[in-house]
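The structure under discussion appears below in the form of structure tokens.
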Amino acid sequence: IVGLSGGVDSSVAANLLKEEGYEVIGLFMKNWHDESVTLSNECPWLEDSNDAMLVAEKLGIPFQTVDLSKEYKERIVDYMFDEYAKGRTPNPDILCNREVKFDIFLKAALKLKADFVATGHYCQKETIEVDGKEVHRLLAGADKNKDQSYFLCQLNQEQLSKALFT
């Protein structure tokens with residue numbers, strides 16, 4: 001399953017994985033749809049979803065949408081405002097990867113019988129053996145200027161075992 005956002009990174013990841021012989025399914029995460037707090041009458045998630053659907057169509061892969069907006073609000077937005085209220089500066093991107101993309105989204109992908117999840121993050125993963133056990137190591141991307149491993153720094157071994165990075 002590729003977390004297909006409609007953006008360049010996830011679109012390229014889906015294409016590369018397809019070229020590598022993976023059976024790829026695009027799954028769009030709807031993380032926000034509360035129109036009462038948007039700055040305009042635009043509906044950005046709908047446009048993003050349409051972009052993702054067009055990418056899936058172009059690549060010839062199945063496409064689905066999953067609504068994670070309730071969980072996103074509870075795990076990310078509420079936390080973020082609570083941290084601001086305490087005078088701290090949270091990093092919602094790191095939290096979103098740990099709590100949404102590689103937890104709730106990953107579980108949804110596994111229910112669809114996926115072996116792996118890819119999101120288009122630019123980084124690398126290495127699997128080594130330590131004392132007879134597989135250990136997954138998150139590594140910086142080959143191009144340090146594009147590296148996004150920082151945003152995935154809180155993923156655990158189970159989450160990394162199911163992650164593909166292209």
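Chain labels follow the order of the structure tokens: the first chain is A, the next B, and so on; residue numbering restarts at 1 in every chain, and ligands are counted from 1 in their shown order.
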
I want to know what sits within 10 Å of Ser161 of chain A, based on only C-alpha atoms, with residues of the same chain fewer than 2 positions away left out; could you give that as a list in words?
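Once the nearby chain positions are removed, what remains is Asp115, Phe116, Val117, Lys125, Glu126, Thr127, Glu134, Val135, His136, Arg137, Leu155, Asn156, Gln157, Glu158, Gln159, Ala163 and Leu164 of chain A.
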
Grab the atom CA of Ala109 of chain A to atom CA of Leu138 of chain A distance for me, in Å with one decimal place.
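Value for the atom CA of Ala109 of chain A-atom CA of Leu138 of chain A distance: 20.9 Å.
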
Have a look at atom CA of Phe165 of chain A and atom CA of Pro90 of chain A and let me know their distance in Å, one decimal.
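According to the coordinates, atom CA of Phe165 of chain A and atom CA of Pro90 of chain A are separated by 25.3 Å.
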
From segment 38-146 of chain A, collect each residue whose DSSP state is strand (DSSP E) and return the set as a PDB file with all heavy atoms, in the first residue's frame.
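To be explicit, this is the file written out as part-v7.pdb:
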ATOM      1  N   PHE A  63      -7.184   2.183  -6.296  1.00  0.00           N
ATOM      2  CA  PHE A  63      -7.167   3.364  -5.439  1.00  0.00           C
ATOM      3  C   PHE A  63      -8.337   3.329  -4.469  1.00  0.00           C
ATOM      4  O   PHE A  63      -9.457   3.000  -4.848  1.00  0.00           O
ATOM      5  CB  PHE A  63      -7.247   4.631  -6.298  1.00  0.00           C
ATOM      6  CG  PHE A  63      -7.287   5.905  -5.495  1.00  0.00           C
ATOM      7  CD1 PHE A  63      -6.139   6.412  -4.924  1.00  0.00           C
ATOM      8  CD2 PHE A  63      -8.479   6.578  -5.303  1.00  0.00           C
ATOM      9  CE1 PHE A  63      -6.170   7.579  -4.171  1.00  0.00           C
ATOM     10  CE2 PHE A  63      -8.535   7.753  -4.574  1.00  0.00           C
ATOM     11  CZ  PHE A  63      -7.370   8.255  -4.002  1.00  0.00           C
ATOM     12  N   GLN A  64      -8.049   3.645  -3.211  1.00  0.00           N
ATOM     13  CA  GLN A  64      -9.081   3.728  -2.178  1.00  0.00           C
ATOM     14  C   GLN A  64      -8.788   4.922  -1.276  1.00  0.00           C
ATOM     15  O   GLN A  64      -7.666   5.436  -1.266  1.00  0.00           O
ATOM     16  CB  GLN A  64      -9.113   2.456  -1.323  1.00  0.00           C
ATOM     17  CG  GLN A  64      -9.511   1.211  -2.072  1.00  0.00           C
ATOM     18  CD  GLN A  64      -9.595   0.009  -1.143  1.00  0.00           C
ATOM     19  OE1 GLN A  64      -9.940   0.115   0.019  1.00  0.00           O
ATOM     20  NE2 GLN A  64      -9.260  -1.157  -1.672  1.00  0.00           N
ATOM     21  N   THR A  65      -9.776   5.306  -0.511  1.00  0.00           N
ATOM     22  CA  THR A  65      -9.625   6.385   0.459  1.00  0.00           C
ATOM     23  C   THR A  65      -9.992   5.852   1.836  1.00  0.00           C
ATOM     24  O   THR A  65     -10.923   5.062   1.970  1.00  0.00           O
ATOM     25  CB  THR A  65     -10.565   7.566   0.105  1.00  0.00           C
ATOM     26  OG1 THR A  65     -10.198   8.055  -1.186  1.00  0.00           O
ATOM     27  CG2 THR A  65     -10.448   8.687   1.098  1.00  0.00           C
ATOM     28  N   VAL A  66      -9.263   6.305   2.842  1.00  0.00           N
ATOM     29  CA  VAL A  66      -9.574   5.943   4.222  1.00  0.00           C
ATOM     30  C   VAL A  66      -9.685   7.244   5.025  1.00  0.00           C
ATOM     31  O   VAL A  66      -8.852   8.138   4.890  1.00  0.00           O
ATOM     32  CB  VAL A  66      -8.521   4.975   4.815  1.00  0.00           C
ATOM     33  CG1 VAL A  66      -7.143   5.583   4.842  1.00  0.00           C
ATOM     34  CG2 VAL A  66      -8.918   4.504   6.197  1.00  0.00           C
ATOM     35  N   ASP A  67     -10.737   7.374   5.819  1.00  0.00           N
ATOM     36  CA  ASP A  67     -10.963   8.579   6.612  1.00  0.00           C
ATOM     37  C   ASP A  67     -10.353   8.391   8.002  1.00  0.00           C
ATOM     38  O   ASP A  67     -10.849   7.614   8.814  1.00  0.00           O
ATOM     39  CB  ASP A  67     -12.459   8.863   6.729  1.00  0.00           C
ATOM     40  CG  ASP A  67     -12.772  10.188   7.396  1.00  0.00           C
ATOM     41  OD1 ASP A  67     -11.840  10.834   7.940  1.00  0.00           O
ATOM     42  OD2 ASP A  67     -13.945  10.590   7.384  1.00  0.00           O
ATOM     43  N   VAL A 117       3.989  -0.851   3.729  1.00  0.00           N
ATOM     44  CA  VAL A 117       3.450   0.490   3.496  1.00  0.00           C
ATOM     45  C   VAL A 117       4.599   1.381   3.043  1.00  0.00           C
ATOM     46  O   VAL A 117       5.695   1.327   3.601  1.00  0.00           O
ATOM     47  CB  VAL A 117       2.803   1.074   4.778  1.00  0.00           C
ATOM     48  CG1 VAL A 117       2.571   2.558   4.653  1.00  0.00           C
ATOM     49  CG2 VAL A 117       1.502   0.366   5.090  1.00  0.00           C
ATOM     50  N   ALA A 118       4.318   2.183   2.035  1.00  0.00           N
ATOM     51  CA  ALA A 118       5.272   3.191   1.571  1.00  0.00           C
ATOM     52  C   ALA A 118       4.558   4.536   1.568  1.00  0.00           C
ATOM     53  O   ALA A 118       3.352   4.600   1.317  1.00  0.00           O
ATOM     54  CB  ALA A 118       5.768   2.853   0.168  1.00  0.00           C
ATOM     55  N   GLN A 124      16.357   5.916   3.851  1.00  0.00           N
ATOM     56  CA  GLN A 124      16.721   4.538   3.555  1.00  0.00           C
ATOM     57  C   GLN A 124      16.495   3.678   4.800  1.00  0.00           C
ATOM     58  O   GLN A 124      16.472   4.189   5.917  1.00  0.00           O
ATOM     59  CB  GLN A 124      18.192   4.454   3.151  1.00  0.00           C
ATOM     60  CG  GLN A 124      18.527   5.277   1.924  1.00  0.00           C
ATOM     61  CD  GLN A 124      20.011   5.257   1.621  1.00  0.00           C
ATOM     62  OE1 GLN A 124      20.493   4.345   0.954  1.00  0.00           O
ATOM     63  NE2 GLN A 124      20.726   6.256   2.113  1.00  0.00           N
ATOM     64  N   LYS A 125      16.362   2.392   4.573  1.00  0.00           N
ATOM     65  CA  LYS A 125      16.230   1.447   5.674  1.00  0.00           C
ATOM     66  C   LYS A 125      17.202   0.306   5.423  1.00  0.00           C
ATOM     67  O   LYS A 125      17.381  -0.137   4.296  1.00  0.00           O
ATOM     68  CB  LYS A 125      14.795   0.909   5.732  1.00  0.00           C
ATOM     69  CG  LYS A 125      14.556  -0.097   6.848  1.00  0.00           C
ATOM     70  CD  LYS A 125      13.122  -0.581   6.869  1.00  0.00           C
ATOM     71  CE  LYS A 125      12.923  -1.749   5.949  1.00  0.00           C
ATOM     72  NZ  LYS A 125      11.616  -2.409   6.101  1.00  0.00           N
ATOM     73  N   GLU A 126      17.827  -0.125   6.503  1.00  0.00           N
ATOM     74  CA  GLU A 126      18.750  -1.247   6.426  1.00  0.00           C
ATOM     75  C   GLU A 126      18.286  -2.287   7.444  1.00  0.00           C
ATOM     76  O   GLU A 126      17.885  -1.945   8.549  1.00  0.00           O
ATOM     77  CB  GLU A 126      20.157  -0.757   6.776  1.00  0.00           C
ATOM     78  CG  GLU A 126      21.197  -1.843   6.851  1.00  0.00           C
ATOM     79  CD  GLU A 126      22.548  -1.278   7.259  1.00  0.00           C
ATOM     80  OE1 GLU A 126      22.673  -0.804   8.407  1.00  0.00           O
ATOM     81  OE2 GLU A 126      23.460  -1.312   6.420  1.00  0.00           O
ATOM     82  N   THR A 127      18.337  -3.540   7.048  1.00  0.00           N
ATOM     83  CA  THR A 127      17.987  -4.615   7.967  1.00  0.00           C
ATOM     84  C   THR A 127      19.242  -5.443   8.217  1.00  0.00           C
ATOM     85  O   THR A 127      19.877  -5.924   7.272  1.00  0.00           O
ATOM     86  CB  THR A 127      16.860  -5.494   7.383  1.00  0.00           C
ATOM     87  OG1 THR A 127      15.727  -4.657   7.110  1.00  0.00           O
ATOM     88  CG2 THR A 127      16.454  -6.582   8.355  1.00  0.00           C
ATOM     89  N   ILE A 128      19.592  -5.546   9.485  1.00  0.00           N
ATOM     90  CA  ILE A 128      20.776  -6.311   9.880  1.00  0.00           C
ATOM     91  C   ILE A 128      20.348  -7.370  10.880  1.00  0.00           C
ATOM     92  O   ILE A 128      19.210  -7.359  11.363  1.00  0.00           O
ATOM     93  CB  ILE A 128      21.871  -5.402  10.480  1.00  0.00           C
ATOM     94  CG1 ILE A 128      21.362  -4.696  11.741  1.00  0.00           C
ATOM     95  CG2 ILE A 128      22.366  -4.394   9.444  1.00  0.00           C
ATOM     96  CD1 ILE A 128      22.434  -3.932  12.501  1.00  0.00           C
ATOM     97  N   GLU A 129      21.259  -8.265  11.213  1.00  0.00           N
ATOM     98  CA  GLU A 129      20.979  -9.285  12.214  1.00  0.00           C
ATOM     99  C   GLU A 129      21.835  -9.017  13.447  1.00  0.00           C
ATOM    100  O   GLU A 129      23.052  -8.819  13.348  1.00  0.00           O
ATOM    101  CB  GLU A 129      21.278 -10.678  11.656  1.00  0.00           C
ATOM    102  CG  GLU A 129      20.780 -11.781  12.567  1.00  0.00           C
ATOM    103  CD  GLU A 129      20.916 -13.161  11.942  1.00  0.00           C
ATOM    104  OE1 GLU A 129      20.422 -13.347  10.820  1.00  0.00           O
ATOM    105  OE2 GLU A 129      21.529 -14.032  12.597  1.00  0.00           O
ATOM    106  N   VAL A 130      21.176  -8.992  14.594  1.00  0.00           N
ATOM    107  CA  VAL A 130      21.861  -8.784  15.872  1.00  0.00           C
ATOM    108  C   VAL A 130      21.387  -9.876  16.819  1.00  0.00           C
ATOM    109  O   VAL A 130      20.192  -9.979  17.111  1.00  0.00           O
ATOM    110  CB  VAL A 130      21.559  -7.382  16.458  1.00  0.00           C
ATOM    111  CG1 VAL A 130      22.203  -7.228  17.829  1.00  0.00           C
ATOM    112  CG2 VAL A 130      22.008  -6.282  15.519  1.00  0.00           C
ATOM    113  N   LYS A 133      18.450 -11.881  15.654  1.00  0.00           N
ATOM    114  CA  LYS A 133      17.188 -11.177  15.394  1.00  0.00           C
ATOM    115  C   LYS A 133      17.387 -10.098  14.340  1.00  0.00           C
ATOM    116  O   LYS A 133      18.443  -9.457  14.295  1.00  0.00           O
ATOM    117  CB  LYS A 133      16.669 -10.503  16.670  1.00  0.00           C
ATOM    118  CG  LYS A 133      16.231 -11.437  17.752  1.00  0.00           C
ATOM    119  CD  LYS A 133      15.660 -10.636  18.913  1.00  0.00           C
ATOM    120  CE  LYS A 133      15.206 -11.565  20.025  1.00  0.00           C
ATOM    121  NZ  LYS A 133      14.664 -10.813  21.150  1.00  0.00           N
ATOM    122  N   GLU A 134      16.353  -9.920  13.512  1.00  0.00           N
ATOM    123  CA  GLU A 134      16.391  -8.830  12.538  1.00  0.00           C
ATOM    124  C   GLU A 134      16.241  -7.497  13.249  1.00  0.00           C
ATOM    125  O   GLU A 134      15.377  -7.337  14.117  1.00  0.00           O
ATOM    126  CB  GLU A 134      15.239  -8.959  11.539  1.00  0.00           C
ATOM    127  CG  GLU A 134      15.516  -9.871  10.386  1.00  0.00           C
ATOM    128  CD  GLU A 134      14.468  -9.739   9.278  1.00  0.00           C
ATOM    129  OE1 GLU A 134      13.403  -9.111   9.492  1.00  0.00           O
ATOM    130  OE2 GLU A 134      14.714 -10.281   8.202  1.00  0.00           O
ATOM    131  N   VAL A 135      17.075  -6.551  12.884  1.00  0.00           N
ATOM    132  CA  VAL A 135      16.991  -5.191  13.411  1.00  0.00           C
ATOM    133  C   VAL A 135      16.932  -4.247  12.215  1.00  0.00           C
ATOM    134  O   VAL A 135      17.768  -4.323  11.312  1.00  0.00           O
ATOM    135  CB  VAL A 135      18.210  -4.848  14.307  1.00  0.00           C
ATOM    136  CG1 VAL A 135      18.170  -3.392  14.740  1.00  0.00           C
ATOM    137  CG2 VAL A 135      18.246  -5.768  15.519  1.00  0.00           C
ATOM    138  N   HIS A 136      15.925  -3.393  12.221  1.00  0.00           N
ATOM    139  CA  HIS A 136      15.722  -2.442  11.126  1.00  0.00           C
ATOM    140  C   HIS A 136      16.278  -1.098  11.548  1.00  0.00           C
ATOM    141  O   HIS A 136      15.942  -0.589  12.618  1.00  0.00           O
ATOM    142  CB  HIS A 136      14.235  -2.330  10.783  1.00  0.00           C
ATOM    143  CG  HIS A 136      13.628  -3.657  10.502  1.00  0.00           C
ATOM    144  ND1 HIS A 136      13.786  -4.308   9.299  1.00  0.00           N
ATOM    145  CD2 HIS A 136      12.891  -4.477  11.286  1.00  0.00           C
ATOM    146  CE1 HIS A 136      13.158  -5.467   9.351  1.00  0.00           C
ATOM    147  NE2 HIS A 136      12.605  -5.594  10.546  1.00  0.00           N
ATOM    148  N   ARG A 137      17.136  -0.560  10.685  1.00  0.00           N
ATOM    149  CA  ARG A 137      17.754   0.723  10.985  1.00  0.00           C
ATOM    150  C   ARG A 137      17.293   1.756   9.967  1.00  0.00           C
ATOM    151  O   ARG A 137      17.372   1.512   8.762  1.00  0.00           O
ATOM    152  CB  ARG A 137      19.275   0.599  10.952  1.00  0.00           C
ATOM    153  CG  ARG A 137      19.771  -0.360  11.996  1.00  0.00           C
ATOM    154  CD  ARG A 137      21.246  -0.574  12.068  1.00  0.00           C
ATOM    155  NE  ARG A 137      22.050   0.113  11.069  1.00  0.00           N
ATOM    156  CZ  ARG A 137      23.360   0.257  11.149  1.00  0.00           C
ATOM    157  NH1 ARG A 137      24.010  -0.253  12.170  1.00  0.00           N
ATOM    158  NH2 ARG A 137      24.026   0.882  10.215  1.00  0.00           N
ATOM    159  N   LEU A 138      16.839   2.884  10.467  1.00  0.00           N
ATOM    160  CA  LEU A 138      16.446   4.002   9.630  1.00  0.00           C
ATOM    161  C   LEU A 138      17.698   4.805   9.306  1.00  0.00           C
ATOM    162  O   LEU A 138      18.443   5.189  10.214  1.00  0.00           O
ATOM    163  CB  LEU A 138      15.430   4.873  10.375  1.00  0.00           C
ATOM    164  CG  LEU A 138      14.888   6.087   9.643  1.00  0.00           C
ATOM    165  CD1 LEU A 138      14.074   5.666   8.420  1.00  0.00           C
ATOM    166  CD2 LEU A 138      14.021   6.909  10.587  1.00  0.00           C
ATOM    167  N   LEU A 139      17.946   5.035   8.023  1.00  0.00           N
ATOM    168  CA  LEU A 139      19.138   5.741   7.585  1.00  0.00           C
ATOM    169  C   LEU A 139      18.757   6.999   6.813  1.00  0.00           C
ATOM    170  O   LEU A 139      17.686   7.073   6.208  1.00  0.00           O
ATOM    171  CB  LEU A 139      19.991   4.842   6.684  1.00  0.00           C
ATOM    172  CG  LEU A 139      20.388   3.483   7.254  1.00  0.00           C
ATOM    173  CD1 LEU A 139      21.081   2.648   6.187  1.00  0.00           C
ATOM    174  CD2 LEU A 139      21.278   3.655   8.475  1.00  0.00           C
TER     175      LEU A 139
END

Select from segment 7-165 of chain A everything DSSP, run on the backbone, classes as alpha helix (DSSP H), then give the selection as a ChimeraX atom specification.
/A:8-19,44-59,69-72,78-85,92-96,105-111,157-161

Store the residues picked out above, limited to C-alpha atoms, as an mmCIF file, in the first residue's frame.
data_model
loop_
_atom_site.group_PDB
_atom_site.id
_atom_site.type_symbol
_atom_site.label_atom_id
_atom_site.label_comp_id
_atom_site.auth_asym_id
_atom_site.auth_seq_id
_atom_site.Cartn_x
_atom_site.Cartn_y
_atom_site.Cartn_z
ATOM 1 C CA VAL A 8 5.261 14.184 -6.095
ATOM 2 C CA ASP A 9 6.966 12.051 -3.411
ATOM 3 C CA SER A 10 4.227 9.451 -2.970
ATOM 4 C CA SER A 11 3.482 9.404 -6.721
ATOM 5 C CA VAL A 12 7.130 8.671 -7.534
ATOM 6 C CA ALA A 13 7.248 6.024 -4.783
ATOM 7 C CA ALA A 14 4.174 4.284 -6.232
ATOM 8 C CA ASN A 15 5.701 4.315 -9.714
ATOM 9 C CA LEU A 16 9.099 3.047 -8.534
ATOM 10 C CA LEU A 17 7.535 0.234 -6.510
ATOM 11 C CA LYS A 18 5.387 -0.770 -9.474
ATOM 12 C CA GLU A 19 8.495 -0.811 -11.693
ATOM 13 C CA PRO A 44 -7.976 21.007 -0.084
ATOM 14 C CA TRP A 45 -8.347 17.347 0.895
ATOM 15 C CA LEU A 46 -10.833 16.824 -1.935
ATOM 16 C CA GLU A 47 -8.422 18.323 -4.473
ATOM 17 C CA ASP A 48 -5.568 16.224 -3.044
ATOM 18 C CA SER A 49 -7.738 13.101 -3.201
ATOM 19 C CA ASN A 50 -8.606 13.824 -6.834
ATOM 20 C CA ASP A 51 -4.904 14.307 -7.630
ATOM 21 C CA ALA A 52 -4.093 10.995 -5.945
ATOM 22 C CA MET A 53 -6.880 9.260 -7.859
ATOM 23 C CA LEU A 54 -5.536 10.651 -11.160
ATOM 24 C CA VAL A 55 -2.031 9.396 -10.289
ATOM 25 C CA ALA A 56 -3.427 5.931 -9.505
ATOM 26 C CA GLU A 57 -5.359 5.942 -12.771
ATOM 27 C CA LYS A 58 -2.248 6.975 -14.724
ATOM 28 C CA LEU A 59 -0.203 4.212 -13.056
ATOM 29 C CA SER A 69 -9.781 12.559 10.476
ATOM 30 C CA LYS A 70 -11.186 11.590 13.897
ATOM 31 C CA GLU A 71 -7.975 9.849 14.922
ATOM 32 C CA TYR A 72 -5.837 12.634 13.437
ATOM 33 C CA ASP A 78 -5.384 17.992 20.239
ATOM 34 C CA TYR A 79 -1.823 17.112 21.290
ATOM 35 C CA MET A 80 -0.413 20.031 19.310
ATOM 36 C CA PHE A 81 -2.725 22.587 20.951
ATOM 37 C CA ASP A 82 -2.101 21.076 24.382
ATOM 38 C CA GLU A 83 1.655 21.437 23.881
ATOM 39 C CA TYR A 84 1.289 25.052 22.718
ATOM 40 C CA ALA A 85 -0.827 25.772 25.821
ATOM 41 C CA PRO A 92 3.290 17.286 14.562
ATOM 42 C CA ASP A 93 5.041 15.775 11.516
ATOM 43 C CA ILE A 94 7.053 13.347 13.635
ATOM 44 C CA LEU A 95 3.997 12.482 15.698
ATOM 45 C CA CYS A 96 1.823 12.026 12.612
ATOM 46 C CA PHE A 105 -2.885 3.798 8.429
ATOM 47 C CA LEU A 106 -0.531 0.807 8.626
ATOM 48 C CA LYS A 107 -3.208 -1.231 10.433
ATOM 49 C CA ALA A 108 -5.742 -0.300 7.730
ATOM 50 C CA ALA A 109 -3.242 -1.413 5.074
ATOM 51 C CA LEU A 110 -2.613 -4.713 6.853
ATOM 52 C CA LYS A 111 -6.377 -5.341 6.939
ATOM 53 C CA GLN A 157 10.931 -1.908 15.000
ATOM 54 C CA GLU A 158 7.501 -3.285 14.118
ATOM 55 C CA GLN A 159 6.644 -0.145 12.162
ATOM 56 C CA LEU A 160 9.993 -0.128 10.364
ATOM 57 C CA SER A 161 9.634 -3.805 9.475
#
